[in-house]
Amino acid sequence: MPTLLIRNVRPLGASPVDVLVRDGRISEIGATLSAPADATVEEGGGALLLPGLVEGHTHLDKTMWGMDWYRNEVGTNLIDKIENERAFRHASGHDAAAQSLVLAKAFLALGTTRLRTHVDVDTQAGLRHLEGTLRTRDVLRDLQQIQIVAFPQSGLLGRPGTAELLDQSLALGADVLGGLDPCAIDGDPVKSLDVLFGIADKHQRPIDIHLHEPGAMGAFSLDLILQRTEALGMQGKVAVSHGFCLGDVAERERETLLARMARLGVVLVTSAPPSRSVPPLMACRQAGVTVVGGNDGIRDAWTPYGNPDMLERAMLIGLRYNLRRDDEVEVALDTVTHAGARGCGFEAYGLVPGNRADLVLVDAQTVAHAVVSRPVRRLVVAGGRVVARDGTLEAGIASL
């Protein structure tokens with residue numbers, strides 16, 4: 001692992017300093033550091049220094065990034081999208097291993113050094129998509145920290161054998177157990193969540209549940225999730241993705257739910273879509289709920305949209321929540337940096353000596369400027385190694 005000295009950079013817009021990296025970690029931060037004899041020196045030129053970006057919710061296994069254009073003619077209901085995607089992937093032989101690697105590397109080139117991906121597990125595909133994404137995690141293990149969520153995209157109860165496949169997924173190395181709409185998809189929320197939490201408890205793994213359900217239905221499911229989180233002692237080990245119901249219910253009910261989430265350490269993950277009610281970001285944070293940002297799907301059978309650029313996602317979160325003051329725009333970035341890392345449980349994160357050296361240099365005056373302008377990533381360092389320059393991966397990494 002090379003020793004690296006990066007001169008004249010401004011951490012999150014602060015005064016210029018040098019950053020010394022040894023053995024993959026930040027060793028020292030200070031003004032005019034002496035260069036060790038074995039150090040490679042990179043001139044920062046006064047660039048803004050950000051910690052490695054964090055993607056808190058994506059679907060690497062589904063993507064068609066870099067493939068021919070997919071013509072989307074799917075119906076409007078959630079189940080239409082689920083069934084269309086499953087049929088397409090089966091018929092086309094969509095290669096989760098190849099495609100997850102393509103998209104993961106695209107994330108890395110743009111400064112995302114840690115990400116959480118949901119991977120489909122169902123009785124038609126079995127564990128094929130999971131096994132492919134596990135290979136991507138292994139290929140990039142020294143450069144990008146990838147958490148894999150075993151995700152029952154087609155539901156848990158409606159396809160017998162899914163629970164067993166989820167159990168096997170965790171045994172194979174999935175990091176997190178996923179869930180999906182216990183009322184709207186599974187139709188029996190008590191049984192669905194009992195099975196899900198039972199599997200997680202058996203393997204002592206965290207849970208991340210897609211909760212698209214609106215209004216009273218979603219609030220009912222969320223209440224059941226919070227009950228089980230407390231009963232099983234899973235405080236700090238549960239995330240709710242989307243949580244659209246929190247944007248629908250009355251303020252008093254929402255405040256009660258948010259207070260319980262904060263007390264139990266239940267994380268909220270949002271892509272802040274423009275087409276749905278969304279949980280109020282600032283109210284969630286004020287209640288003490290960690291809010292993580294993510295893209296959701298990128299260029300797949302569900303959506304033609306998405307981009308593996310977490311500065312762009314921060315900008316879209318800022319737009320969705322009407323964040324205009326500089327300190328508010330900094331909150332948008334926090335969802336894909338510190339709050340993102342904290343919510344996903346990524347350790348040793350941030351611009352502090354001793355932490356893993358995940359660093360991103362951009363030409364921007366301030367953090368808000370970086371979010372709004374989404375400048376080219378001048379330099380990306382992952383685990384102490386230079387992996388990309390000017391938005392392009394180093395040759396040896398691009399060829400992985």
# chains A, B, ... in the order shown; residues from 1 in each chain; ligands from 1
$ closest_atom_pairs --of "segment 166-216 of chain A" --to "segment 99-119 of chain A" --cutoff "9 Å" --atoms "only C-alpha atoms" --output "CSV"
residue,atom,partner,partner_atom,distance
A:Val176,CA,A:His118,CA,8.8
A:Gly178,CA,A:His118,CA,7.3
A:Asp208,CA,A:His118,CA,9.0
$ residues_around --residues "Arg7 of chain A" --least-positions-apart "3" --cutoff "7 Å" --atoms "only C-alpha atoms" --output "list in words"
Val17, Asp18, Val19, Glu42, Glu43 and Gly44 of chain A
$ residues_around --residues "Glu230 of chain A" --least-positions-apart "2" --cutoff "12 Å" --atoms "only C-alpha atoms" --output "PDB file with N, CA and C atoms, in the first residue's frame"
ATOM      1  N   PHE A 197     -38.333 -10.884  10.374  1.00  0.00           N
ATOM      2  CA  PHE A 197     -37.548 -10.604  11.572  1.00  0.00           C
ATOM      3  C   PHE A 197     -36.993 -11.893  12.175  1.00  0.00           C
ATOM      4  N   ASP A 223     -45.654   0.834  12.075  1.00  0.00           N
ATOM      5  CA  ASP A 223     -45.874   0.547  13.485  1.00  0.00           C
ATOM      6  C   ASP A 223     -45.483  -0.893  13.820  1.00  0.00           C
ATOM      7  N   LEU A 224     -45.862  -1.841  12.953  1.00  0.00           N
ATOM      8  CA  LEU A 224     -45.499  -3.239  13.180  1.00  0.00           C
ATOM      9  C   LEU A 224     -43.986  -3.435  13.130  1.00  0.00           C
ATOM     10  N   ILE A 225     -43.321  -2.743  12.220  1.00  0.00           N
ATOM     11  CA  ILE A 225     -41.860  -2.829  12.125  1.00  0.00           C
ATOM     12  C   ILE A 225     -41.219  -2.319  13.405  1.00  0.00           C
ATOM     13  N   LEU A 226     -41.716  -1.203  13.923  1.00  0.00           N
ATOM     14  CA  LEU A 226     -41.151  -0.624  15.142  1.00  0.00           C
ATOM     15  C   LEU A 226     -41.411  -1.526  16.350  1.00  0.00           C
ATOM     16  N   GLN A 227     -42.585  -2.138  16.391  1.00  0.00           N
ATOM     17  CA  GLN A 227     -42.863  -3.070  17.485  1.00  0.00           C
ATOM     18  C   GLN A 227     -41.842  -4.203  17.521  1.00  0.00           C
ATOM     19  N   ARG A 228     -41.571  -4.792  16.354  1.00  0.00           N
ATOM     20  CA  ARG A 228     -40.651  -5.927  16.298  1.00  0.00           C
ATOM     21  C   ARG A 228     -39.215  -5.496  16.540  1.00  0.00           C
ATOM     22  N   LEU A 232     -37.399  -7.441  19.674  1.00  0.00           N
ATOM     23  CA  LEU A 232     -36.260  -8.318  19.404  1.00  0.00           C
ATOM     24  C   LEU A 232     -34.915  -7.672  19.736  1.00  0.00           C
ATOM     25  N   GLY A 233     -34.957  -6.479  20.305  1.00  0.00           N
ATOM     26  CA  GLY A 233     -33.707  -5.807  20.657  1.00  0.00           C
ATOM     27  C   GLY A 233     -32.876  -5.431  19.452  1.00  0.00           C
ATOM     28  N   MET A 234     -33.543  -5.056  18.341  1.00  0.00           N
ATOM     29  CA  MET A 234     -32.829  -4.723  17.107  1.00  0.00           C
ATOM     30  C   MET A 234     -32.629  -3.216  16.936  1.00  0.00           C
ATOM     31  N   GLN A 235     -32.545  -2.515  18.050  1.00  0.00           N
ATOM     32  CA  GLN A 235     -32.284  -1.082  17.976  1.00  0.00           C
ATOM     33  C   GLN A 235     -30.998  -0.818  17.202  1.00  0.00           C
ATOM     34  N   GLY A 236     -31.058   0.124  16.288  1.00  0.00           N
ATOM     35  CA  GLY A 236     -29.896   0.474  15.486  1.00  0.00           C
ATOM     36  C   GLY A 236     -29.589  -0.495  14.364  1.00  0.00           C
ATOM     37  N   LYS A 237     -30.499  -1.457  14.112  1.00  0.00           N
ATOM     38  CA  LYS A 237     -30.244  -2.465  13.089  1.00  0.00           C
ATOM     39  C   LYS A 237     -31.346  -2.540  12.025  1.00  0.00           C
ATOM     40  N   VAL A 238     -32.197  -1.529  11.979  1.00  0.00           N
ATOM     41  CA  VAL A 238     -33.318  -1.550  11.037  1.00  0.00           C
ATOM     42  C   VAL A 238     -33.342  -0.253  10.245  1.00  0.00           C
ATOM     43  N   ARG A 260     -40.529   7.513  17.784  1.00  0.00           N
ATOM     44  CA  ARG A 260     -40.249   6.094  18.023  1.00  0.00           C
ATOM     45  C   ARG A 260     -39.068   5.626  17.183  1.00  0.00           C
ATOM     46  N   MET A 261     -39.015   6.050  15.908  1.00  0.00           N
ATOM     47  CA  MET A 261     -37.894   5.678  15.053  1.00  0.00           C
ATOM     48  C   MET A 261     -36.576   6.167  15.640  1.00  0.00           C
ATOM     49  N   ALA A 262     -36.566   7.406  16.114  1.00  0.00           N
ATOM     50  CA  ALA A 262     -35.340   7.962  16.685  1.00  0.00           C
ATOM     51  C   ALA A 262     -34.930   7.188  17.934  1.00  0.00           C
ATOM     52  N   ARG A 263     -35.889   6.870  18.780  1.00  0.00           N
ATOM     53  CA  ARG A 263     -35.577   6.156  20.018  1.00  0.00           C
ATOM     54  C   ARG A 263     -35.020   4.768  19.747  1.00  0.00           C
ATOM     55  N   LEU A 264     -35.506   4.135  18.676  1.00  0.00           N
ATOM     56  CA  LEU A 264     -35.090   2.770  18.331  1.00  0.00           C
ATOM     57  C   LEU A 264     -33.927   2.738  17.339  1.00  0.00           C
ATOM     58  N   GLY A 265     -33.471   3.910  16.908  1.00  0.00           N
ATOM     59  CA  GLY A 265     -32.364   3.960  15.953  1.00  0.00           C
ATOM     60  C   GLY A 265     -32.740   3.433  14.582  1.00  0.00           C
ATOM     61  N   VAL A 266     -34.016   3.556  14.212  1.00  0.00           N
ATOM     62  CA  VAL A 266     -34.463   3.109  12.890  1.00  0.00           C
ATOM     63  C   VAL A 266     -34.143   4.200  11.873  1.00  0.00           C
TER      64      VAL A 266
END
$ select_by_dssp --residues "segment 88-235 of chain A" --states "strand (DSSP E or B)" --output "list of chain:residue names"
A:Thr112, A:Thr113, A:Arg114, A:Leu115, A:Arg116, A:Thr117, A:His118, A:Val119, A:Asp120, A:Asp122, A:Gly126, A:Gln145, A:Ile146, A:Gln147, A:Ile148, A:Val149, A:Ala150, A:Phe151, A:Val176, A:Leu177, A:Gly178, A:Gly179, A:Leu180, A:Ile207, A:Asp208, A:Ile209, A:His210, A:Leu211
$ closest_residue --among "A:Thr303, A:Ser275, A:Thr366, A:Asn355" --to "Ser27 of chain A" --atoms "only C-alpha atoms"
A:Asn355
$ closest_atom_pairs --of "segment 191-294 of chain A" --to "segment 125-147 of chain A" --cutoff "12 Å" --atoms "only C-alpha atoms" --output "tab-separated table"
residue	atom	partner	partner_atom	distance
A:Arg205	CA	A:Gln147	CA	11.8
A:Pro206	CA	A:Gln147	CA	11.1
A:Ile207	CA	A:Gln147	CA	12.0
A:Asp208	CA	A:Gln147	CA	11.4
$ atom_distance --atom1 "atom CA of Ser241 of chain A" --atom2 "atom CA of Asn307 of chain A"
18.8 Å
$ closest_residue --among "A:Arg377, A:His369, A:Arg356, A:Lys191" --to "Glu28 of chain A" --atoms "only C-alpha atoms"
A:Arg356
$ closest_residue --among "A:Ala87, A:Leu165, A:Ala14, A:Leu157" --to "Pro189 of chain A" --atoms "only C-alpha atoms"
A:Leu157
$ atom_distance --atom1 "atom CA of Leu50 of chain A" --atom2 "atom CA of Met310 of chain A"
11.9 Å
$ residues_around --residues "Ala219 of chain A" --least-positions-apart "3" --cutoff "12 Å" --atoms "only C-alpha atoms" --output "PyMOL selection string"
chain A and resi 181-183+189+211-216+222-226+240+243-250+253-258+279
$ write_last_selection --atoms "N, CA and C atoms" --output "PDB file, in the first residue's frame"
ATOM      1  N   ASP A 181     -43.043  -4.165   1.440  1.00  0.00           N
ATOM      2  CA  ASP A 181     -44.469  -3.904   1.574  1.00  0.00           C
ATOM      3  C   ASP A 181     -45.268  -5.065   2.169  1.00  0.00           C
ATOM      4  N   PRO A 182     -45.219  -5.237   3.473  1.00  0.00           N
ATOM      5  CA  PRO A 182     -45.876  -6.401   4.084  1.00  0.00           C
ATOM      6  C   PRO A 182     -47.389  -6.424   3.918  1.00  0.00           C
ATOM      7  N   CYS A 183     -48.015  -5.272   3.769  1.00  0.00           N
ATOM      8  CA  CYS A 183     -49.467  -5.238   3.497  1.00  0.00           C
ATOM      9  C   CYS A 183     -49.746  -5.363   2.009  1.00  0.00           C
ATOM     10  N   PRO A 189     -49.423  -8.686   6.877  1.00  0.00           N
ATOM     11  CA  PRO A 189     -48.244  -7.993   7.414  1.00  0.00           C
ATOM     12  C   PRO A 189     -47.685  -8.621   8.679  1.00  0.00           C
ATOM     13  N   LEU A 211     -40.575   0.209   1.957  1.00  0.00           N
ATOM     14  CA  LEU A 211     -41.943   0.505   2.373  1.00  0.00           C
ATOM     15  C   LEU A 211     -42.519   1.583   1.455  1.00  0.00           C
ATOM     16  N   HIS A 212     -43.161   1.108   0.366  1.00  0.00           N
ATOM     17  CA  HIS A 212     -43.794   2.025  -0.575  1.00  0.00           C
ATOM     18  C   HIS A 212     -45.211   2.396  -0.156  1.00  0.00           C
ATOM     19  N   GLU A 213     -45.783   1.645   0.762  1.00  0.00           N
ATOM     20  CA  GLU A 213     -47.205   1.762   1.092  1.00  0.00           C
ATOM     21  C   GLU A 213     -47.549   3.182   1.543  1.00  0.00           C
ATOM     22  N   PRO A 214     -48.626   3.741   1.032  1.00  0.00           N
ATOM     23  CA  PRO A 214     -48.986   5.119   1.367  1.00  0.00           C
ATOM     24  C   PRO A 214     -49.811   5.220   2.642  1.00  0.00           C
ATOM     25  N   GLY A 215     -49.949   6.434   3.142  1.00  0.00           N
ATOM     26  CA  GLY A 215     -50.916   6.789   4.150  1.00  0.00           C
ATOM     27  C   GLY A 215     -51.049   5.841   5.323  1.00  0.00           C
ATOM     28  N   ALA A 216     -52.318   5.543   5.662  1.00  0.00           N
ATOM     29  CA  ALA A 216     -52.630   4.727   6.832  1.00  0.00           C
ATOM     30  C   ALA A 216     -52.069   3.314   6.710  1.00  0.00           C
ATOM     31  N   LEU A 222     -45.434   0.381   9.321  1.00  0.00           N
ATOM     32  CA  LEU A 222     -44.301   0.968  10.039  1.00  0.00           C
ATOM     33  C   LEU A 222     -44.435   0.727  11.539  1.00  0.00           C
ATOM     34  N   ASP A 223     -45.654   0.834  12.075  1.00  0.00           N
ATOM     35  CA  ASP A 223     -45.874   0.547  13.485  1.00  0.00           C
ATOM     36  C   ASP A 223     -45.483  -0.893  13.820  1.00  0.00           C
ATOM     37  N   LEU A 224     -45.862  -1.841  12.953  1.00  0.00           N
ATOM     38  CA  LEU A 224     -45.499  -3.239  13.180  1.00  0.00           C
ATOM     39  C   LEU A 224     -43.986  -3.435  13.130  1.00  0.00           C
ATOM     40  N   ILE A 225     -43.321  -2.743  12.220  1.00  0.00           N
ATOM     41  CA  ILE A 225     -41.860  -2.829  12.125  1.00  0.00           C
ATOM     42  C   ILE A 225     -41.219  -2.319  13.405  1.00  0.00           C
ATOM     43  N   LEU A 226     -41.716  -1.203  13.923  1.00  0.00           N
ATOM     44  CA  LEU A 226     -41.151  -0.624  15.142  1.00  0.00           C
ATOM     45  C   LEU A 226     -41.411  -1.526  16.350  1.00  0.00           C
ATOM     46  N   VAL A 240     -35.698   1.712   7.073  1.00  0.00           N
ATOM     47  CA  VAL A 240     -36.903   1.751   6.251  1.00  0.00           C
ATOM     48  C   VAL A 240     -36.586   2.577   5.015  1.00  0.00           C
ATOM     49  N   GLY A 243     -40.415   4.922   2.759  1.00  0.00           N
ATOM     50  CA  GLY A 243     -41.262   5.444   3.834  1.00  0.00           C
ATOM     51  C   GLY A 243     -42.208   6.537   3.375  1.00  0.00           C
ATOM     52  N   PHE A 244     -42.827   6.343   2.203  1.00  0.00           N
ATOM     53  CA  PHE A 244     -43.683   7.383   1.637  1.00  0.00           C
ATOM     54  C   PHE A 244     -44.823   7.776   2.584  1.00  0.00           C
ATOM     55  N   CYS A 245     -45.266   6.835   3.396  1.00  0.00           N
ATOM     56  CA  CYS A 245     -46.374   7.119   4.304  1.00  0.00           C
ATOM     57  C   CYS A 245     -46.072   8.291   5.224  1.00  0.00           C
ATOM     58  N   LEU A 246     -44.802   8.509   5.551  1.00  0.00           N
ATOM     59  CA  LEU A 246     -44.437   9.600   6.451  1.00  0.00           C
ATOM     60  C   LEU A 246     -44.656  10.968   5.813  1.00  0.00           C
ATOM     61  N   GLY A 247     -44.815  10.984   4.496  1.00  0.00           N
ATOM     62  CA  GLY A 247     -45.176  12.221   3.816  1.00  0.00           C
ATOM     63  C   GLY A 247     -46.666  12.400   3.653  1.00  0.00           C
ATOM     64  N   ASP A 248     -47.454  11.380   4.045  1.00  0.00           N
ATOM     65  CA  ASP A 248     -48.905  11.405   3.865  1.00  0.00           C
ATOM     66  C   ASP A 248     -49.680  11.663   5.145  1.00  0.00           C
ATOM     67  N   VAL A 249     -49.209  11.098   6.252  1.00  0.00           N
ATOM     68  CA  VAL A 249     -50.007  11.112   7.478  1.00  0.00           C
ATOM     69  C   VAL A 249     -50.003  12.495   8.115  1.00  0.00           C
ATOM     70  N   ALA A 250     -50.966  12.712   9.013  1.00  0.00           N
ATOM     71  CA  ALA A 250     -51.078  13.989   9.710  1.00  0.00           C
ATOM     72  C   ALA A 250     -49.838  14.243  10.563  1.00  0.00           C
ATOM     73  N   GLU A 253     -49.393  12.379  13.986  1.00  0.00           N
ATOM     74  CA  GLU A 253     -49.077  10.957  13.842  1.00  0.00           C
ATOM     75  C   GLU A 253     -47.648  10.777  13.363  1.00  0.00           C
ATOM     76  N   ARG A 254     -47.240  11.626  12.419  1.00  0.00           N
ATOM     77  CA  ARG A 254     -45.869  11.539  11.931  1.00  0.00           C
ATOM     78  C   ARG A 254     -44.869  11.819  13.047  1.00  0.00           C
ATOM     79  N   GLU A 255     -45.133  12.816  13.861  1.00  0.00           N
ATOM     80  CA  GLU A 255     -44.217  13.134  14.957  1.00  0.00           C
ATOM     81  C   GLU A 255     -44.073  11.956  15.909  1.00  0.00           C
ATOM     82  N   THR A 256     -45.170  11.265  16.175  1.00  0.00           N
ATOM     83  CA  THR A 256     -45.122  10.103  17.064  1.00  0.00           C
ATOM     84  C   THR A 256     -44.289   8.988  16.463  1.00  0.00           C
ATOM     85  N   LEU A 257     -44.490   8.724  15.172  1.00  0.00           N
ATOM     86  CA  LEU A 257     -43.718   7.680  14.498  1.00  0.00           C
ATOM     87  C   LEU A 257     -42.239   8.037  14.450  1.00  0.00           C
ATOM     88  N   LEU A 258     -41.928   9.297  14.146  1.00  0.00           N
ATOM     89  CA  LEU A 258     -40.527   9.717  14.068  1.00  0.00           C
ATOM     90  C   LEU A 258     -39.844   9.632  15.432  1.00  0.00           C
ATOM     91  N   PRO A 279     -41.032  11.583   2.932  1.00  0.00           N
ATOM     92  CA  PRO A 279     -40.891  11.990   4.334  1.00  0.00           C
ATOM     93  C   PRO A 279     -40.227  13.356   4.417  1.00  0.00           C
TER      94      PRO A 279
END
$ select_by_dssp --residues "segment 279-337 of chain A" --states "helix (DSSP H, G or I)" --output "PyMOL selection string"
chain A and resi 281-286+310-320+326-334
$ atom_distance --atom1 "atom CA of Pro273 of chain A" --atom2 "atom CA of Gln153 of chain A"
19.2 Å
$ closest_residue --among "A:Arg378, A:Arg22, A:His203, A:Arg389" --to "Ala35 of chain A" --atoms "only C-alpha atoms"
A:Arg22
$ residues_around --residues "Gly161 of chain A" --least-positions-apart "2" --cutoff "12 Å" --atoms "only C-alpha atoms" --output "short mmCIF file (atom, residue, chain, number, x, y, z; two decimals) with N, CA, C and O atoms, in the first residue's frame"
data_model
loop_
_atom_site.label_atom_id
_atom_site.label_comp_id
_atom_site.auth_asym_id
_atom_site.auth_seq_id
_atom_site.Cartn_x
_atom_site.Cartn_y
_atom_site.Cartn_z
N VAL A 121 -33.78 -11.74 -4.85
CA VAL A 121 -33.79 -13.16 -4.55
C VAL A 121 -35.24 -13.63 -4.71
O VAL A 121 -36.13 -13.08 -4.06
N ASP A 122 -35.48 -14.57 -5.60
CA ASP A 122 -36.84 -15.10 -5.75
C ASP A 122 -36.79 -16.54 -6.25
O ASP A 122 -35.72 -17.05 -6.59
N THR A 123 -37.95 -17.17 -6.30
CA THR A 123 -37.99 -18.60 -6.61
C THR A 123 -37.78 -18.91 -8.09
O THR A 123 -37.57 -20.07 -8.44
N GLN A 124 -37.79 -17.89 -8.94
CA GLN A 124 -37.49 -18.12 -10.35
C GLN A 124 -35.99 -18.00 -10.60
O GLN A 124 -35.38 -18.90 -11.20
N ALA A 125 -35.40 -16.92 -10.14
CA ALA A 125 -33.95 -16.71 -10.36
C ALA A 125 -33.12 -17.42 -9.29
O ALA A 125 -31.92 -17.63 -9.50
N GLY A 126 -33.74 -17.79 -8.18
CA GLY A 126 -32.97 -18.40 -7.10
C GLY A 126 -31.94 -17.43 -6.56
O GLY A 126 -32.26 -16.27 -6.27
N LEU A 127 -30.72 -17.88 -6.44
CA LEU A 127 -29.64 -17.06 -5.89
C LEU A 127 -28.69 -16.54 -6.96
O LEU A 127 -27.61 -16.03 -6.65
N PRO A 152 -36.34 -9.65 -1.37
CA PRO A 152 -37.41 -10.41 -1.99
C PRO A 152 -38.30 -9.52 -2.87
O PRO A 152 -39.45 -9.21 -2.51
N SER A 154 -40.11 -9.95 -5.39
CA SER A 154 -41.43 -10.47 -5.76
C SER A 154 -42.32 -10.75 -4.55
O SER A 154 -43.40 -11.31 -4.70
N GLY A 155 -41.87 -10.36 -3.38
CA GLY A 155 -42.63 -10.61 -2.16
C GLY A 155 -42.09 -11.81 -1.42
O GLY A 155 -41.37 -12.65 -1.97
N LEU A 156 -42.47 -11.93 -0.16
CA LEU A 156 -41.96 -12.98 0.71
C LEU A 156 -42.93 -14.16 0.83
O LEU A 156 -42.52 -15.31 0.75
N LEU A 157 -44.22 -13.87 0.97
CA LEU A 157 -45.18 -14.93 1.25
C LEU A 157 -45.83 -15.53 0.01
O LEU A 157 -46.25 -16.69 0.03
N GLY A 158 -45.93 -14.76 -1.05
CA GLY A 158 -46.68 -15.21 -2.22
C GLY A 158 -45.99 -16.26 -3.06
O GLY A 158 -46.63 -16.92 -3.89
N ARG A 159 -44.69 -16.42 -2.88
CA ARG A 159 -43.92 -17.40 -3.64
C ARG A 159 -43.24 -18.34 -2.64
O ARG A 159 -42.15 -18.04 -2.15
N ALA A 163 -38.61 -17.54 1.65
CA ALA A 163 -37.99 -17.40 2.98
C ALA A 163 -36.74 -18.26 3.09
O ALA A 163 -35.72 -17.83 3.65
N GLU A 164 -36.80 -19.47 2.56
CA GLU A 164 -35.64 -20.36 2.60
C GLU A 164 -34.49 -19.80 1.79
O GLU A 164 -33.32 -19.91 2.18
N LEU A 165 -34.80 -19.17 0.65
CA LEU A 165 -33.76 -18.56 -0.18
C LEU A 165 -33.12 -17.37 0.54
O LEU A 165 -31.90 -17.17 0.44
N LEU A 166 -33.91 -16.60 1.24
CA LEU A 166 -33.36 -15.49 2.01
C LEU A 166 -32.44 -15.99 3.11
O LEU A 166 -31.37 -15.43 3.36
N ASP A 167 -32.85 -17.05 3.75
CA ASP A 167 -32.02 -17.69 4.78
C ASP A 167 -30.69 -18.13 4.19
O ASP A 167 -29.62 -17.88 4.76
N GLN A 168 -30.74 -18.76 3.01
CA GLN A 168 -29.52 -19.20 2.35
C GLN A 168 -28.65 -18.01 1.94
O GLN A 168 -27.42 -18.08 1.98
#
$ closest_residue --among "A:Gly384, A:Gly340, A:Gly45, A:Gly179" --to "Gly293 of chain A" --atoms "only C-alpha atoms"
A:Gly340
$ residues_around --residues "Gly294 of chain A" --least-positions-apart "6" --cutoff "9 Å" --atoms "only C-alpha atoms" --output "mmCIF file with C-alpha atoms, in the first residue's frame"
data_model
loop_
_atom_site.group_PDB
_atom_site.id
_atom_site.type_symbol
_atom_site.label_atom_id
_atom_site.label_comp_id
_atom_site.auth_asym_id
_atom_site.auth_seq_id
_atom_site.Cartn_x
_atom_site.Cartn_y
_atom_site.Cartn_z
ATOM 1 C CA VAL A 54 -21.941 6.996 0.033
ATOM 2 C CA GLU A 55 -24.762 5.383 -1.969
ATOM 3 C CA GLY A 56 -27.344 4.180 0.558
ATOM 4 C CA HIS A 57 -29.868 2.488 -1.709
ATOM 5 C CA THR A 58 -29.319 1.157 -5.201
ATOM 6 C CA ARG A 116 -25.520 -0.538 -0.203
ATOM 7 C CA VAL A 269 -33.479 5.926 3.401
ATOM 8 C CA THR A 270 -34.816 8.151 0.627
ATOM 9 C CA SER A 271 -34.245 8.785 -3.053
ATOM 10 C CA ALA A 272 -36.579 11.816 -2.795
ATOM 11 C CA MET A 310 -23.922 10.957 -5.636
ATOM 12 C CA ARG A 313 -28.313 12.713 -6.109
ATOM 13 C CA ALA A 314 -27.561 15.228 -3.341
ATOM 14 C CA THR A 335 -27.328 12.301 3.328
ATOM 15 C CA VAL A 336 -24.737 10.891 0.910
ATOM 16 C CA GLY A 340 -25.208 7.859 4.724
#
$ residues_around --residues "segment 71-80 of chain A" --least-positions-apart "5" --cutoff "8 Å" --atoms "only C-alpha atoms" --output "ChimeraX atom specification"
/A:185,301-304
$ write_last_selection --atoms "all heavy atoms" --output "short mmCIF file (atom, residue, chain, number, x, y, z; two decimals), in the first residue's frame"
data_model
loop_
_atom_site.label_atom_id
_atom_site.label_comp_id
_atom_site.auth_asym_id
_atom_site.auth_seq_id
_atom_site.Cartn_x
_atom_site.Cartn_y
_atom_site.Cartn_z
N ILE A 185 -48.00 -6.03 -0.76
CA ILE A 185 -47.48 -7.13 -1.57
C ILE A 185 -47.76 -8.48 -0.91
O ILE A 185 -48.26 -9.40 -1.55
CB ILE A 185 -45.97 -6.96 -1.82
CG1 ILE A 185 -45.72 -5.70 -2.66
CG2 ILE A 185 -45.40 -8.19 -2.55
CD1 ILE A 185 -46.34 -5.70 -4.05
N ALA A 301 -35.18 -2.01 -15.81
CA ALA A 301 -36.51 -2.27 -16.35
C ALA A 301 -37.60 -1.48 -15.62
O ALA A 301 -38.73 -1.43 -16.09
CB ALA A 301 -36.82 -3.77 -16.29
N TRP A 302 -37.27 -0.88 -14.50
CA TRP A 302 -38.22 -0.04 -13.79
C TRP A 302 -38.18 1.41 -14.28
O TRP A 302 -39.19 2.07 -14.34
CB TRP A 302 -37.89 -0.02 -12.29
CG TRP A 302 -38.21 -1.28 -11.56
CD1 TRP A 302 -37.69 -2.53 -11.78
CD2 TRP A 302 -39.13 -1.43 -10.49
NE1 TRP A 302 -38.23 -3.43 -10.91
CE2 TRP A 302 -39.11 -2.79 -10.09
CE3 TRP A 302 -39.96 -0.54 -9.80
CZ2 TRP A 302 -39.90 -3.28 -9.06
CZ3 TRP A 302 -40.73 -1.03 -8.75
CH2 TRP A 302 -40.71 -2.38 -8.40
N THR A 303 -36.98 1.89 -14.55
CA THR A 303 -36.84 3.32 -14.82
C THR A 303 -35.69 3.59 -15.79
O THR A 303 -34.66 2.92 -15.72
CB THR A 303 -36.57 4.09 -13.51
OG1 THR A 303 -36.34 5.48 -13.80
CG2 THR A 303 -35.33 3.55 -12.79
N PRO A 304 -35.85 4.55 -16.69
CA PRO A 304 -34.74 4.93 -17.56
C PRO A 304 -33.81 5.95 -16.90
O PRO A 304 -32.77 6.29 -17.45
CB PRO A 304 -35.44 5.57 -18.76
CG PRO A 304 -36.67 6.19 -18.17
CD PRO A 304 -37.10 5.25 -17.06
#
